[in-house]
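Below: the structure, in structure tokens.
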Amino acid sequence: MKKLLAVPALAAATLLTLSACAEPPAPPTGTPAPQPSGSTSASAGASDFKACMVSDSGGFDDKSFNQTSYKGLTDAAAALGIQTNEVQSSTTADFAPNVQAMVDDGCNVIVTVGFLLDDATTAAAQENPDIDFAIVDSNPEGSADLENLKPLIFNTAESSFMAGYLAAGMTQTGTVGTFGGVQIPTVTIFMDGYAQGVAYHNEQKGTDVKVIGWNAETQDGQFVPGDDPFQNVAGGKQTAETLVSQGADIILPVAGPAGEGALQVAQSSGGKVNAIWVDTDGCVSAEQYCENIISSVYKGMDVAVSDAITASFNDEFDNEPYVGTLENQGTGLAPFNQFEDKVPAELKTELEQIRADITSGAIEIESAAQPK
Amino acid sequence: MAERRGWAVPWRDVLITLLAFVLAFVVGAVLMVVSDAEVSSQFAYLFTAPSLALGASWDKVSSAYAALFAGSLGGIGPITETTAQAAPLICAGLGVGLAFRAGLFNIGAQGQAVVGAMVAAWIGFSWHLPPGLHLLVALAGGVLAGALWAGIAGVLKARAGAHEVIVTIMLNYVATGLLAFALTTTAFQRPGRTDPISPVVDWNATMPRLEGTRLHLGFLIALLAAAAVWFLMERTTSGFRVKAVGLNPDASRTAGMSVPSTTVLAMLLAGGLAGLAGVQAALGPTVAGTPTPLSAGLVGSIGFDAITVALLGRSRPVGTVLAGLLFGALHAGGLAMQSQAGTSAELTTVLQALIVLFVAAPALVTTVVPFLRARRASLTGTTPTTGGLSS
């Protein structure tokens, strides 16, 4: 038995030995010590200014919510040459210690991601008036009284309304679907806008497109099952399949990483089923599915985060809530990418008109989840 | 049966545990080096420029472990963070361990902790009682809720023969769903908010803490609970019955003990302890002084980690306290590894799992480490049973 193991072990050792004989690329004389690979020293360290971020339980690689916010941090770091640090939370009990860890680390501006962090963020902002705080997707009570806490919120009902209209204009079966990760306002706001966009299409064009997976009146619909729905890709796939079996041929998954399940269903349908992605341009964050993504409802968290950090860097930070809308392009429809030629020109023109009408207030969207 | 080997220090066990840590750190170090592209690329030059590869590896590994140590034991702040993280795990671990000793697999500590946290938090923010009394009532409410939740499984097992594993797992789902639903109702949702988050618990119901640290009453309660469980199991007839039924239900029945009522009793106690873990999560103060408000993820995975804690602690109160402290330290240090050394959250979790794996498998350690192997041969006859369920 031991001899059996010895052969592959020896082979592996030989391979390792051989591969370890390479010459290092001649380093500049006086080689600096290899950088500790922690992201603490991500940029050249040209500045002492440090921007930090605390995620919610999704993690920074969720292809959606946390990842987009994190991109704002790295964008700002690249542009300003500042230092960064970040920490992921695995449970809600981690939020307060994680925010505190960033405070202790000497961060000048701390961005927290998600409404669950608002108590921890508000408390830290009160304790540390010298540090700027920004929180994505939440407008904490009392933030108006705190000069160093800036809420970054998004009215994605507006952009989802356009997505609904687009879906209604593109469907072949006359049924479009949507599902959410968890029934929370930052998710249902997409579904509200989407359903109303479809209804608006029916009203304007006399069509009878059905929305399944969300009922805007009863505020009830289809959500990914399981203990940790946002991470449950298999559950997302199952939910998408249910919608497809009921006739839906365009799906808007509002479920973070679990939404990938809907993209898998679309990909294996041979072009019958397509999806509209959310939070970021799906053709960038999930490019292997690009041929099935009609468009995406982007939520410009990266821009908002990066702007907040830049403002703090330039000493121009204020506590005025940032509300991303169609008007300030904080949210909207991403390019059609591979569907550029498939979306009729007429539909594109109508979408432009809708954008103008929402901005001017001619179209009013009702969603309890909209930022007030 | 508890092994009675006098009060001599079990040097061999201590040595094996220490070596388990060393082995886990070695494997963890290899993983850290391999998983970091920047560091592992330096290994291409191992023989031509060894300082590059070894220096990079050393920086990476030493900074990570230094952060793990600093975050869990390096000073009063980190030590109290460890105790704060450990307290709910100890409580829930005691519950799971107690049920184990009655021959019951209580997989439902999670659900019991969730309902415990719900009730404790609800009493905490919607009732307004005088100081002291408020905390006491909230605490009692949470414990009672956990006990009743587990009691459902106990009664179903005793009266209908339903297997407690299935029932407790299902009750976990029900508890999670119940919490998600409750957070959308006006009774639980914070006024003026559409997010599923509860109001902040009253100051009177918050566990008192040592100012400036994370040491709060909860840890003391956890230690008291461990002492109480020890007393119950070793010094009372009820405890004896629980152990007897766990060892051999048929013999116990023949001896005149009531197996069904012992089962229900064990589940009630186990649930109460898990409920206490939920209370800790709901009423324990954070660094800011106020408890984390109730939300869907408040309890985290305490109930599932508790199963590992109980197994690692061999279902004994002292063992459970130590295992809980280990987990608490790993969790507290893991957060520091992320924030101070930039180790990814996933790798931190893997490292925690490795340490637990090696600590839980002493036989593995003795096999891997040569000089212990020789001694083991001579000790074969007296090698203690190490299965977590042995009682």
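Residues in the structure tokens are numbered from 1 in each chain, the chains being A, B, ... in the order shown, and ligands are numbered from 1 in the order shown.
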Checklist entry - Which residues in stretch 278-342 of chain A does DSSP call helix (DSSP H, G or I)? List them as a list in words. => result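 Going through stretch 278-342 of chain A, the helix (DSSP H, G or I) residues come out as Gly282, Cys283, Val284, Ser285, Glu287, Gln288, Tyr289, Cys290, Glu291, Asn292, Met301, Asp302, Val303, Ala304, Val305, Ser306, Asp307, Ala308, Ile309, Thr310, Ala311, Ser312, Phe313, Asn337, Gln338 and Phe339 of chain A.
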How about saving the chosen residues, N, CA and C atoms kept, as a PDB file, in the first residue's frame?
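part-v6.pdb was written with the following content:
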```pdb
ATOM      1  N   GLY A 282     -24.983  42.167 -17.680  1.00  0.00           N
ATOM      2  CA  GLY A 282     -24.728  40.727 -17.614  1.00  0.00           C
ATOM      3  C   GLY A 282     -23.684  40.271 -18.622  1.00  0.00           C
ATOM      4  N   CYS A 283     -23.561  40.998 -19.748  1.00  0.00           N
ATOM      5  CA  CYS A 283     -22.581  40.596 -20.758  1.00  0.00           C
ATOM      6  C   CYS A 283     -21.158  40.882 -20.294  1.00  0.00           C
ATOM      7  N   VAL A 284     -21.022  41.635 -19.209  1.00  0.00           N
ATOM      8  CA  VAL A 284     -19.697  41.867 -18.646  1.00  0.00           C
ATOM      9  C   VAL A 284     -19.468  40.932 -17.463  1.00  0.00           C
ATOM     10  N   SER A 285     -20.467  40.850 -16.546  1.00  0.00           N
ATOM     11  CA  SER A 285     -20.242  40.084 -15.319  1.00  0.00           C
ATOM     12  C   SER A 285     -20.457  38.588 -15.529  1.00  0.00           C
ATOM     13  N   GLU A 287     -20.334  36.832 -18.866  1.00  0.00           N
ATOM     14  CA  GLU A 287     -20.292  36.955 -20.324  1.00  0.00           C
ATOM     15  C   GLU A 287     -20.565  35.651 -21.065  1.00  0.00           C
ATOM     16  N   GLN A 288     -20.362  34.497 -20.372  1.00  0.00           N
ATOM     17  CA  GLN A 288     -20.618  33.238 -21.081  1.00  0.00           C
ATOM     18  C   GLN A 288     -22.092  33.070 -21.446  1.00  0.00           C
ATOM     19  N   TYR A 289     -22.959  33.870 -20.813  1.00  0.00           N
ATOM     20  CA  TYR A 289     -24.394  33.769 -21.094  1.00  0.00           C
ATOM     21  C   TYR A 289     -24.868  34.907 -21.994  1.00  0.00           C
ATOM     22  N   CYS A 290     -23.924  35.707 -22.530  1.00  0.00           N
ATOM     23  CA  CYS A 290     -24.290  36.952 -23.199  1.00  0.00           C
ATOM     24  C   CYS A 290     -25.313  36.750 -24.310  1.00  0.00           C
ATOM     25  N   GLU A 291     -25.196  35.624 -25.040  1.00  0.00           N
ATOM     26  CA  GLU A 291     -26.113  35.474 -26.179  1.00  0.00           C
ATOM     27  C   GLU A 291     -27.566  35.278 -25.750  1.00  0.00           C
ATOM     28  N   ASN A 292     -27.800  35.056 -24.461  1.00  0.00           N
ATOM     29  CA  ASN A 292     -29.170  34.919 -23.979  1.00  0.00           C
ATOM     30  C   ASN A 292     -29.625  36.100 -23.133  1.00  0.00           C
ATOM     31  N   MET A 301     -24.044  51.133  -8.697  1.00  0.00           N
ATOM     32  CA  MET A 301     -23.451  51.196  -7.360  1.00  0.00           C
ATOM     33  C   MET A 301     -21.967  51.508  -7.438  1.00  0.00           C
ATOM     34  N   ASP A 302     -21.311  50.995  -8.505  1.00  0.00           N
ATOM     35  CA  ASP A 302     -19.874  51.252  -8.639  1.00  0.00           C
ATOM     36  C   ASP A 302     -19.593  52.740  -8.772  1.00  0.00           C
ATOM     37  N   VAL A 303     -20.403  53.408  -9.620  1.00  0.00           N
ATOM     38  CA  VAL A 303     -20.195  54.839  -9.829  1.00  0.00           C
ATOM     39  C   VAL A 303     -20.484  55.608  -8.544  1.00  0.00           C
ATOM     40  N   ALA A 304     -21.592  55.226  -7.868  1.00  0.00           N
ATOM     41  CA  ALA A 304     -21.970  55.944  -6.648  1.00  0.00           C
ATOM     42  C   ALA A 304     -20.898  55.786  -5.575  1.00  0.00           C
ATOM     43  N   VAL A 305     -20.403  54.541  -5.429  1.00  0.00           N
ATOM     44  CA  VAL A 305     -19.384  54.285  -4.408  1.00  0.00           C
ATOM     45  C   VAL A 305     -18.104  55.047  -4.746  1.00  0.00           C
ATOM     46  N   SER A 306     -17.696  54.939  -5.999  1.00  0.00           N
ATOM     47  CA  SER A 306     -16.478  55.596  -6.431  1.00  0.00           C
ATOM     48  C   SER A 306     -16.585  57.114  -6.250  1.00  0.00           C
ATOM     49  N   ASP A 307     -17.764  57.676  -6.570  1.00  0.00           N
ATOM     50  CA  ASP A 307     -17.958  59.121  -6.399  1.00  0.00           C
ATOM     51  C   ASP A 307     -17.876  59.520  -4.934  1.00  0.00           C
ATOM     52  N   ALA A 308     -18.488  58.688  -4.075  1.00  0.00           N
ATOM     53  CA  ALA A 308     -18.480  59.011  -2.642  1.00  0.00           C
ATOM     54  C   ALA A 308     -17.051  59.002  -2.110  1.00  0.00           C
ATOM     55  N   ILE A 309     -16.263  58.010  -2.550  1.00  0.00           N
ATOM     56  CA  ILE A 309     -14.872  57.924  -2.094  1.00  0.00           C
ATOM     57  C   ILE A 309     -14.071  59.117  -2.623  1.00  0.00           C
ATOM     58  N   THR A 310     -14.290  59.448  -3.886  1.00  0.00           N
ATOM     59  CA  THR A 310     -13.584  60.581  -4.481  1.00  0.00           C
ATOM     60  C   THR A 310     -13.918  61.868  -3.735  1.00  0.00           C
ATOM     61  N   ALA A 311     -15.214  62.024  -3.405  1.00  0.00           N
ATOM     62  CA  ALA A 311     -15.629  63.226  -2.678  1.00  0.00           C
ATOM     63  C   ALA A 311     -14.931  63.293  -1.327  1.00  0.00           C
ATOM     64  N   SER A 312     -14.846  62.158  -0.664  1.00  0.00           N
ATOM     65  CA  SER A 312     -14.181  62.132   0.635  1.00  0.00           C
ATOM     66  C   SER A 312     -12.701  62.470   0.483  1.00  0.00           C
ATOM     67  N   PHE A 313     -12.084  61.927  -0.573  1.00  0.00           N
ATOM     68  CA  PHE A 313     -10.662  62.167  -0.851  1.00  0.00           C
ATOM     69  C   PHE A 313     -10.406  63.659  -1.074  1.00  0.00           C
ATOM     70  N   ASN A 337     -26.272  44.637 -26.457  1.00  0.00           N
ATOM     71  CA  ASN A 337     -25.209  43.708 -26.815  1.00  0.00           C
ATOM     72  C   ASN A 337     -25.600  42.845 -28.005  1.00  0.00           C
ATOM     73  N   GLN A 338     -25.694  41.519 -27.822  1.00  0.00           N
ATOM     74  CA  GLN A 338     -25.960  40.643 -28.963  1.00  0.00           C
ATOM     75  C   GLN A 338     -27.392  40.759 -29.486  1.00  0.00           C
ATOM     76  N   PHE A 339     -28.244  41.454 -28.741  1.00  0.00           N
ATOM     77  CA  PHE A 339     -29.620  41.631 -29.189  1.00  0.00           C
ATOM     78  C   PHE A 339     -29.804  42.953 -29.936  1.00  0.00           C
TER      79      PHE A 339
END
```
Shell around A:Ala163 at 12 Å using only C-alpha atoms, local window under 4 positions removed, as an mmCIF file with C-alpha atoms, in the first residue's frame:
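Final file, selection_34.cif:
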```
data_model
loop_
_atom_site.group_PDB
_atom_site.id
_atom_site.type_symbol
_atom_site.label_atom_id
_atom_site.label_comp_id
_atom_site.auth_asym_id
_atom_site.auth_seq_id
_atom_site.Cartn_x
_atom_site.Cartn_y
_atom_site.Cartn_z
ATOM 1 C CA THR A 156 -34.485 50.854 -9.873
ATOM 2 C CA ALA A 157 -38.269 50.729 -10.361
ATOM 3 C CA GLU A 158 -37.701 53.251 -13.170
ATOM 4 C CA SER A 159 -35.202 51.159 -15.090
ATOM 5 C CA ALA A 167 -39.780 42.128 -22.286
ATOM 6 C CA ALA A 168 -43.404 42.642 -23.262
ATOM 7 C CA GLY A 169 -42.268 43.864 -26.673
ATOM 8 C CA MET A 170 -39.919 40.925 -27.206
ATOM 9 C CA THR A 171 -41.925 37.960 -25.919
ATOM 10 C CA VAL A 176 -42.848 36.880 -19.212
ATOM 11 C CA GLY A 177 -41.516 35.916 -15.803
ATOM 12 C CA THR A 178 -39.524 37.221 -12.889
ATOM 13 C CA PHE A 190 -37.260 45.608 -9.586
ATOM 14 C CA MET A 191 -40.221 43.279 -9.794
ATOM 15 C CA ASP A 192 -42.726 46.100 -9.230
ATOM 16 C CA GLY A 193 -41.227 48.195 -12.004
ATOM 17 C CA TYR A 194 -41.018 45.201 -14.343
ATOM 18 C CA ALA A 195 -44.653 44.210 -13.842
ATOM 19 C CA GLN A 196 -45.801 47.793 -14.351
ATOM 20 C CA GLY A 197 -43.695 48.136 -17.481
ATOM 21 C CA VAL A 198 -45.447 45.090 -18.943
ATOM 22 C CA ALA A 199 -48.841 46.490 -17.926
ATOM 23 C CA TYR A 200 -47.950 49.790 -19.600
ATOM 24 C CA HIS A 201 -47.082 47.932 -22.813
ATOM 25 C CA ILE A 250 -38.219 36.092 -20.917
ATOM 26 C CA ILE A 251 -37.098 36.052 -17.305
ATOM 27 C CA LEU A 252 -35.840 38.768 -15.004
ATOM 28 C CA PRO A 253 -34.020 37.093 -12.101
ATOM 29 C CA ALA A 275 -33.157 36.701 -19.704
ATOM 30 C CA ILE A 276 -32.769 40.281 -18.577
ATOM 31 C CA TRP A 277 -29.988 40.532 -15.984
ATOM 32 C CA VAL A 278 -29.924 42.949 -13.068
ATOM 33 C CA ILE A 293 -29.164 38.286 -22.259
ATOM 34 C CA ILE A 294 -31.438 40.784 -23.997
ATOM 35 C CA SER A 295 -30.321 43.633 -21.786
ATOM 36 C CA SER A 296 -29.637 44.371 -18.134
ATOM 37 C CA VAL A 297 -31.102 46.692 -15.557
ATOM 38 C CA TYR A 298 -27.955 48.280 -14.252
ATOM 39 C CA THR A 331 -29.741 53.280 -13.020
ATOM 40 C CA GLY A 332 -31.007 52.351 -16.458
ATOM 41 C CA LEU A 333 -30.942 49.771 -19.226
ATOM 42 C CA ALA A 334 -27.543 48.422 -20.237
ATOM 43 C CA PRO A 335 -26.726 48.007 -23.960
ATOM 44 C CA PHE A 336 -28.558 45.283 -25.884
ATOM 45 C CA LEU A 347 -39.264 49.304 -29.673
ATOM 46 C CA LYS A 348 -35.992 51.134 -29.074
ATOM 47 C CA GLU A 350 -40.523 53.694 -27.592
ATOM 48 C CA LEU A 351 -38.085 52.871 -24.798
ATOM 49 C CA GLU A 352 -36.382 56.222 -25.317
ATOM 50 C CA ILE A 354 -40.534 55.998 -21.858
ATOM 51 C CA ARG A 355 -37.230 57.105 -20.393
#
```
Item to check | Contact residues around A:Pro371 with only C-alpha atoms at 8 Å, ignoring same-chain residues under 6 positions, as a list in words | outcome: Ile153, Phe154, Asn155 and Val323 of chain A
Would you mind exporting the chosen residues as a PDB file, in the first residue's frame, restricted to N, CA and C atoms?
```pdb
ATOM      1  N   ILE A 153     -28.680  55.347  -2.549  1.00  0.00           N
ATOM      2  CA  ILE A 153     -29.854  54.528  -2.841  1.00  0.00           C
ATOM      3  C   ILE A 153     -30.255  54.683  -4.309  1.00  0.00           C
ATOM      4  N   PHE A 154     -31.094  53.765  -4.782  1.00  0.00           N
ATOM      5  CA  PHE A 154     -31.360  53.675  -6.216  1.00  0.00           C
ATOM      6  C   PHE A 154     -32.836  53.446  -6.468  1.00  0.00           C
ATOM      7  N   ASN A 155     -33.396  54.213  -7.383  1.00  0.00           N
ATOM      8  CA  ASN A 155     -34.778  53.973  -7.750  1.00  0.00           C
ATOM      9  C   ASN A 155     -34.813  53.061  -8.974  1.00  0.00           C
ATOM     10  N   VAL A 323     -29.495  59.507  -4.799  1.00  0.00           N
ATOM     11  CA  VAL A 323     -30.539  58.629  -5.310  1.00  0.00           C
ATOM     12  C   VAL A 323     -30.289  58.403  -6.795  1.00  0.00           C
TER      13      VAL A 323
END
```
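Distance-wise, atom CA of A:Gln219 and atom CA of A:Ala356 end up 27.2 Å apart.
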Write out as a PDB file with N, CA and C atoms, in the first residue's frame every residue belonging to chain B that has an atom at most 6 Å from any atom of chain A, counting only C-alpha atoms.
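The result, written out as selection09.pdb:
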```
ATOM      1  N   PHE B  43       7.417  30.252  -6.813  1.00  0.00           N
ATOM      2  CA  PHE B  43       8.005  28.935  -6.610  1.00  0.00           C
ATOM      3  C   PHE B  43       8.660  28.388  -7.874  1.00  0.00           C
ATOM      4  N   ALA B  44       8.392  29.035  -8.998  1.00  0.00           N
ATOM      5  CA  ALA B  44       9.060  28.625 -10.225  1.00  0.00           C
ATOM      6  C   ALA B  44      10.567  28.853 -10.099  1.00  0.00           C
ATOM      7  N   TYR B  45      10.952  29.756  -9.196  1.00  0.00           N
ATOM      8  CA  TYR B  45      12.364  30.105  -9.052  1.00  0.00           C
ATOM      9  C   TYR B  45      12.940  29.541  -7.760  1.00  0.00           C
ATOM     10  N   LEU B  46      12.311  28.481  -7.263  1.00  0.00           N
ATOM     11  CA  LEU B  46      12.679  27.986  -5.936  1.00  0.00           C
ATOM     12  C   LEU B  46      14.176  27.716  -5.805  1.00  0.00           C
ATOM     13  N   PHE B  47      14.755  27.094  -6.867  1.00  0.00           N
ATOM     14  CA  PHE B  47      16.160  26.714  -6.731  1.00  0.00           C
ATOM     15  C   PHE B  47      17.122  27.798  -7.175  1.00  0.00           C
ATOM     16  N   ALA B  56       8.261  35.345   0.097  1.00  0.00           N
ATOM     17  CA  ALA B  56       6.868  35.675  -0.188  1.00  0.00           C
ATOM     18  C   ALA B  56       5.943  34.783   0.624  1.00  0.00           C
ATOM     19  N   ASP B 195     -37.729  47.371   5.049  1.00  0.00           N
ATOM     20  CA  ASP B 195     -36.795  46.240   5.099  1.00  0.00           C
ATOM     21  C   ASP B 195     -37.174  45.311   6.244  1.00  0.00           C
ATOM     22  N   GLY B 297     -30.731  36.866   9.269  1.00  0.00           N
ATOM     23  CA  GLY B 297     -29.477  36.136   9.468  1.00  0.00           C
ATOM     24  C   GLY B 297     -28.882  36.271  10.849  1.00  0.00           C
ATOM     25  N   LEU B 298     -29.659  36.782  11.817  1.00  0.00           N
ATOM     26  CA  LEU B 298     -29.066  37.101  13.122  1.00  0.00           C
ATOM     27  C   LEU B 298     -28.398  35.905  13.786  1.00  0.00           C
ATOM     28  N   GLY B 300     -27.213  33.330  12.396  1.00  0.00           N
ATOM     29  CA  GLY B 300     -26.115  32.782  11.596  1.00  0.00           C
ATOM     30  C   GLY B 300     -26.222  31.277  11.505  1.00  0.00           C
ATOM     31  N   GLN B 338      -9.036  38.468   7.800  1.00  0.00           N
ATOM     32  CA  GLN B 338      -9.543  39.169   6.625  1.00  0.00           C
ATOM     33  C   GLN B 338      -9.167  40.632   6.627  1.00  0.00           C
ATOM     34  N   SER B 339      -9.441  41.305   7.749  1.00  0.00           N
ATOM     35  CA  SER B 339      -9.293  42.756   7.751  1.00  0.00           C
ATOM     36  C   SER B 339      -7.834  43.175   7.890  1.00  0.00           C
ATOM     37  N   ALA B 341      -4.885  40.946   7.435  1.00  0.00           N
ATOM     38  CA  ALA B 341      -3.901  40.289   6.582  1.00  0.00           C
ATOM     39  C   ALA B 341      -4.418  40.075   5.164  1.00  0.00           C
ATOM     40  N   GLY B 342      -5.662  40.468   4.910  1.00  0.00           N
ATOM     41  CA  GLY B 342      -6.188  40.343   3.556  1.00  0.00           C
ATOM     42  C   GLY B 342      -6.377  38.908   3.100  1.00  0.00           C
TER      43      GLY B 342
END
```
Item to check | strand (DSSP E or B) call set, DSSP backbone run, stretch 185-375 of chain B, as a list in words | outcome: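 DSSP-assigned strand (DSSP E or B) residues in stretch 185-375 of chain B: Ile197, Arg209, His216, Pro285, Pro291 and Ser295 of chain B.
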With C-alpha atoms kept, could you save the residues just selected as an mmCIF file, in the first residue's frame?
```
data_model
loop_
_atom_site.group_PDB
_atom_site.id
_atom_site.type_symbol
_atom_site.label_atom_id
_atom_site.label_comp_id
_atom_site.auth_asym_id
_atom_site.auth_seq_id
_atom_site.Cartn_x
_atom_site.Cartn_y
_atom_site.Cartn_z
ATOM 1 C CA ILE B 197 -35.408 44.386 10.256
ATOM 2 C CA ARG B 209 -21.106 44.402 29.549
ATOM 3 C CA HIS B 216 -20.882 40.655 28.567
ATOM 4 C CA PRO B 285 -24.282 43.886 22.980
ATOM 5 C CA PRO B 291 -27.495 44.393 20.398
ATOM 6 C CA SER B 295 -33.079 40.102 11.045
#
```
Next on the checklist: Report, in Å to a single decimal, how far apart atom CA of B:Phe69 and atom CA of B:Ala336 are.
Outcome noted: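 Atom CA of B:Phe69 lies 8.7 Å from atom CA of B:Ala336.
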Item to check | Among the residues A:Glu366, A:Glu340, A:Asp315, A:Asp62, the one that comes closest to A:Val233 [using only C-alpha atoms] | outcome: A:Asp62
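With only C-alpha atoms as the atoms that count, the residue of B:Met32, B:Leu23, B:Ala361, B:Ala329 with the shortest distance to B:Thr83 is B:Ala329.
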Item to check | Residues near B:Leu220, cut-off 12 Å, only C-alpha atoms, skip fewer than 6 positions along chain, as a ChimeraX atom specification | outcome: /B:80,83-84,86-88,90-91,207-210,226-227,280,284,321
Next on the checklist: Residues near B:Thr186, anyone? I mean within 12 Å using only C-alpha atoms, not counting same-chain ones fewer than 6 positions away, as a list of chain:residue names.
Outcome noted: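 After dropping sequence-adjacent residues, the list is B:Trp122, B:Ser126, B:Gly192, B:Arg193, B:Thr194, B:Asp195, B:Pro196, B:Ile197, B:Ser198, B:Pro199.
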Now that the selection is made, can you save its residues with C-alpha atoms as a PDB file, in the first residue's frame?
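part05.pdb, written as the output of this step:
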```
ATOM      1  CA  TRP B 122     -39.593  40.704  20.700  1.00  0.00           C
ATOM      2  CA  SER B 126     -41.895  45.710  22.454  1.00  0.00           C
ATOM      3  CA  GLY B 192     -41.114  53.435   9.063  1.00  0.00           C
ATOM      4  CA  ARG B 193     -39.043  50.741   7.416  1.00  0.00           C
ATOM      5  CA  THR B 194     -39.882  48.430   4.559  1.00  0.00           C
ATOM      6  CA  ASP B 195     -36.795  46.240   5.099  1.00  0.00           C
ATOM      7  CA  PRO B 196     -37.217  43.091   7.188  1.00  0.00           C
ATOM      8  CA  ILE B 197     -35.408  44.386  10.256  1.00  0.00           C
ATOM      9  CA  SER B 198     -36.700  44.800  13.806  1.00  0.00           C
ATOM     10  CA  PRO B 199     -36.385  47.776  16.169  1.00  0.00           C
TER      11      PRO B 199
END
```
Item to check | Interatomic distance, atom CA of B:Thr184 to atom CA of A:Ile212 (Å, one decimal) | outcome: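 Between atom CA of B:Thr184 and atom CA of A:Ile212 the gap works out to 22.4 Å.
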Checklist entry - Could you name the residues that touch B:Ala120 at 7 Å or less, counting only C-alpha atoms, but leaving out those on the same chain fewer than 6 positions away, as a ChimeraX atom specification? => result /B:138-139,141-142,279,282
File dump, residues just selected, C-alpha atoms, as a compact mmCIF listing (two decimals), in the first residue's frame:
```
# COMPACT_ATOMS: atom_id res chain seq x y z
CA ALA B 138 -36.65 38.36 27.86
CA LEU B 139 -34.10 35.71 28.78
CA GLY B 141 -38.98 33.95 27.28
CA GLY B 142 -36.25 32.97 24.84
CA VAL B 279 -31.08 34.89 23.46
CA ALA B 282 -30.51 38.78 20.29
```
Next on the checklist: For a quick check of understanding, using only C-alpha atoms, which of B:Gly275, B:Val242, B:Ala121, B:Ile79 has the smallest distance to B:Leu144?
Outcome noted: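 Going through B:Gly275, B:Val242, B:Ala121, B:Ile79 one by one, the smallest distance to B:Leu144 is for B:Gly275.
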Checklist entry - Got a sec: who's within 6 Å of A:Ile82, counting only C-alpha atoms, leaving out chain neighbours fewer than 6 positions off, as a PyMOL selection string? => result chain A and resi 47+49-50
Go ahead and save the picked residues with N, CA and C atoms, as a JSON list (two decimals), in the first residue's frame.
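The resulting file, part-v7.json, is shown below:
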```json
[["chain", "number", "residue", "atom", "x", "y", "z"],
["A", 47, "SER", "N", -0.53, 57.44, -1.66],
["A", 47, "SER", "CA", -1.28, 58.30, -0.75],
["A", 47, "SER", "C", -1.54, 57.56, 0.55],
["A", 49, "PHE", "N", -4.22, 58.06, 2.11],
["A", 49, "PHE", "CA", -5.67, 57.98, 2.20],
["A", 49, "PHE", "C", -6.12, 56.54, 2.01],
["A", 50, "LYS", "N", -7.03, 56.10, 2.87],
["A", 50, "LYS", "CA", -7.45, 54.71, 2.80],
["A", 50, "LYS", "C", -8.97, 54.62, 2.71]]
```
